[in-house]
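Here the structure comes first, spelled out in structure tokens, and everything after it is commentary.
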Amino acid sequence: MQLTLPILILADLGLLLKVVYAVLVLVTIGVIIHDKREPVKALAWITVIALIPVAGMVLYVVFGRNHRKEKIFNRKEIRDLEQIEKLCAQQLKDIADPDLMLRRSIADNRDIITLLLNNNKSLLTVHNRVKVLNNGKATFAAILEALRGATSSIHLEYYIFENDRIGKKVARILMEKARAGVAVRLIYDDVGSWGLSPKFIYAMKKAGVEVGCFMPVAFPWLTSKVNYRNHRKIIVVDGCVAFTGGINIAERYLLRGGKLGLWRDTHLKIEGEAVAMLQVVFFTDWYFVSKRQRLNHDKYFPKSRVKEECPLQIASSGPDSDWASIMQAFFAAITRAQKYIYISSPYFLPNQAVLTALKVAALSGIDVKIMIPSRSDSKIVYWATRSYISELIDAGIGVYLYNKGFNHSKVIVIDGQFSSVGSANMDIRSFEDNFEVSAILYDRKIAQELESYYLADLKHCTKVTREMWNARSNLHSMYESFSRLLSPLL
């Protein structure tokens with residue numbers, strides 16, 4: 001009798017826990033359905049939660065919650081962005097101005113310009129000087145030169161900031177400038193820059209560098225913050241020159257070491273009106289990590305003296321925005337292509353809308369080329385990316401595997417008049433989950449230069465043929481199918 005009572009109590013407790021868990025599962029499934037997500041993604045999460053007890057629920061809490069709905073951070077909280085809202089409203093009225101429409105580059109892209117004004121408040125800037133930095137060597141040479149010449153302010157925002165030779169070199173310059181009275185601020189992502197030691201960060205802070213960590217994650221398995229990362233790469237120096245693109249602060253872009261070899265990537269150096277737009281993106285994120293607004297200082301937004309014309313918009317997206325603005329811009333550009341679409345992305349896991357748009361373009365006779373790496377730094381994403389190859393080939397899309405190292409470039413060129421360089425990959429994570437930034441350019445000269453680099457990279461690629469793809473092993477095909485199944489959760 002003495003043993004029976006504890007056993008009954010434990011049995012009742014076990015039953016109670018099962019009932020509570022069942023109710024929790026039903027409530028969570030209700031929330032997923034109520035979010036009105038893409039059906040494939042919603043069904044994937046419902047399946048995981050239903051079939052994997054406890055662990056499935058933990059995975060959903062960590063990776064699955066819809067932060068675009070929850071608004072973990074709302075850009076509308078920043079009063080200083082009201083001025084951007086007003087300028088955008090005025091540009092929407094002015095976009096039909098005859099003087100603007102005389103510029104063919106603007107007239108040809110009026111629909112996308114209007115889209116980004118509406119969905120992202122991305123101001124069209126016309127007077128810019130843009131230099132394409134086609135590799136790590138050119139990029140870091142230009143960045144280091146700009147940092148050394150800073151006299152007023154330096155703002156950096158990076159997903160990955162490595163404590164390697166190039167990272168140490170950049171940090172030394174930042175500390176020297178901070179000691180000299182230059183306002184230096186750095187935002188680093190806590191997951192991407194996981195290897196940064198407290199000692200490294202303390203040394204910068206001690207020298208006067210203001211350092212902000214984007215969404216710290218002490219226990220990644222217990223927080224959903226691990227899934228929503230700041231993937232942006234931005235430098236703004238003295239409010240006059242800026243850098244953005246796909247290159248992180250890491251020497252992998254300079255050295256051929258490692259199993260993937262040299263990381264191939266593309267970056268931009270921008271001078272002119274667009275610099276202020278990147279400064280606004282930085283300050284928006286600085287407000288998030290520091291809760292301090294500093295947008296009113298004139299020294300951070302000096303009047304541009306650039307007279308050259310290179311029309312472009314700085315598009316940003318993330319869980320803080322109402323729309324997946326970068327994805328929408330890509331989709332719009334793909335659907336209005338007339339001749340060709342060239343895409344380079346290290347990770348290719350598009351949503352159904354973009355995938356369908358690419359197939360329709362190819363089936364309509366447009367030359368569609370997609371360049372992806374032959375090797376990857378992520379096994380699941382690697383196999384999931386390859387799972388799309390068969391249907392791309394069926395639609396007549398040219399798929400090219402880059403063999404000369406790891407191609408990390410995120411570049412789109414369409415019809416020699418539209419191009420994009422930025423941090424956003426052609427995948428669902430960049431479209432929906434990460435904080436991203438891309439320069440959308442409407443300049444034929446820049447588009448043609450990016451096209452020439454793209455065609456040069458094709459020489460280091462293997463084009464995937466139907467025969468080649470059918471000859472792959474059944475095991476590889478199984479890896480692809482399984483990874484594809486998981487891709488909506490990545």
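In the structure tokens, each chain is lettered A, B, ... as it comes, each chain's residues begin at 1, and ligands are numbered from 1 in order of appearance.
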
| said: Give me, as a ChimeraX atom specification, all polymer residues having an atom no more than 9 Å from range 149-166 of chain A, counting only C-alpha atoms and skipping those fewer than 2 positions away in the same chain. | reply: /A:140,144-147,168-171,174,177-178,180-197,200,229-239,247-251,254,279,282-283,285,299-300

Produce a table with one row for each residue of range 234-310 of chain A that has an atom at most 10 Å from any atom of range 315-323 of chain A, each row naming the nearest atom pair and its distance in Å at one decimal; use only C-alpha atoms; arrange rows by chain and rising residue number; format as JSON lines.
{"residue": "A:Met277", "atom": "CA", "partner": "A:Ala315", "partner_atom": "CA", "distance": 9.0}
{"residue": "A:Leu278", "atom": "CA", "partner": "A:Ala315", "partner_atom": "CA", "distance": 9.2}
{"residue": "A:Val281", "atom": "CA", "partner": "A:Ser316", "partner_atom": "CA", "distance": 7.5}

Please save N, CA and C atoms of the selected residues as a PDB file, in the first residue's frame.
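Saved result, again-v4.pdb, follows:
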ATOM      1  N   MET A 277      21.592  56.898 -47.287  1.00  0.00           N
ATOM      2  CA  MET A 277      20.618  55.821 -47.108  1.00  0.00           C
ATOM      3  C   MET A 277      21.228  54.646 -46.338  1.00  0.00           C
ATOM      4  N   LEU A 278      22.482  54.334 -46.621  1.00  0.00           N
ATOM      5  CA  LEU A 278      23.168  53.290 -45.845  1.00  0.00           C
ATOM      6  C   LEU A 278      23.413  53.755 -44.413  1.00  0.00           C
ATOM      7  N   VAL A 281      20.246  53.097 -42.544  1.00  0.00           N
ATOM      8  CA  VAL A 281      20.127  51.682 -42.186  1.00  0.00           C
ATOM      9  C   VAL A 281      20.989  51.374 -40.963  1.00  0.00           C
TER      10      VAL A 281
END

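Taking only C-alpha atoms into account, Phe243 in chain A lies nearest to A:Ala141 out of the set A:Val354, A:Leu485, A:Leu116, A:Ala141.
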
Give me, as an MDAnalysis selection string, the residues of range 191-437 of chain A that a backbone DSSP run labels helix (DSSP H, G or I).
chainID A and resid 198:206 220:222 224:227 251:253 274:290 298:300 325:335 352:363 379:386 389:394 428:433

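Distances here use only C-alpha atoms; by that measure, the residue among A:Glu449, A:Glu210, A:Glu432, A:Asp443 closest to Ala107 in chain A is A:Asp443.
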
Open item on the list: Set the distance at 12 Å and use only C-alpha atoms: which residues neighbour Phe482 in chain A once local chain neighbours fewer than 3 positions away are removed? I'd like the list as a ChimeraX atom specification.
Closed with: /A:379-387,475-479,485-488

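Near Lys463 in chain A, within a cut-off of 7 Å and counting only C-alpha atoms, sit the residues Val399, Tyr400 and Leu401 of chain A, with same-chain residues fewer than 4 positions away left out.
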
Residues as selected, C-alpha atoms, written as an mmCIF file, in the first residue's frame, can you do that?
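Result file selection08.cif:
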data_model
loop_
_atom_site.group_PDB
_atom_site.id
_atom_site.type_symbol
_atom_site.label_atom_id
_atom_site.label_comp_id
_atom_site.auth_asym_id
_atom_site.auth_seq_id
_atom_site.Cartn_x
_atom_site.Cartn_y
_atom_site.Cartn_z
ATOM 1 C CA VAL A 399 22.780 25.831 -63.946
ATOM 2 C CA TYR A 400 26.501 26.351 -63.400
ATOM 3 C CA LEU A 401 28.662 24.937 -60.588
#

Min atom-atom distance to Asp377 in chain A from the set A:Val280, A:Ile412, A:Leu260, A:Ala203, counting only C-alpha atoms, belongs to A:Leu260

Contacts of range 406-411 of chain A at 9 Å or less, counting only C-alpha atoms, minus same-chain residues fewer than 3 places along, as number ranges by chain? A: 245-247, 260-267, 342-347, 371-377, 402-403, 419-426, 450, 454
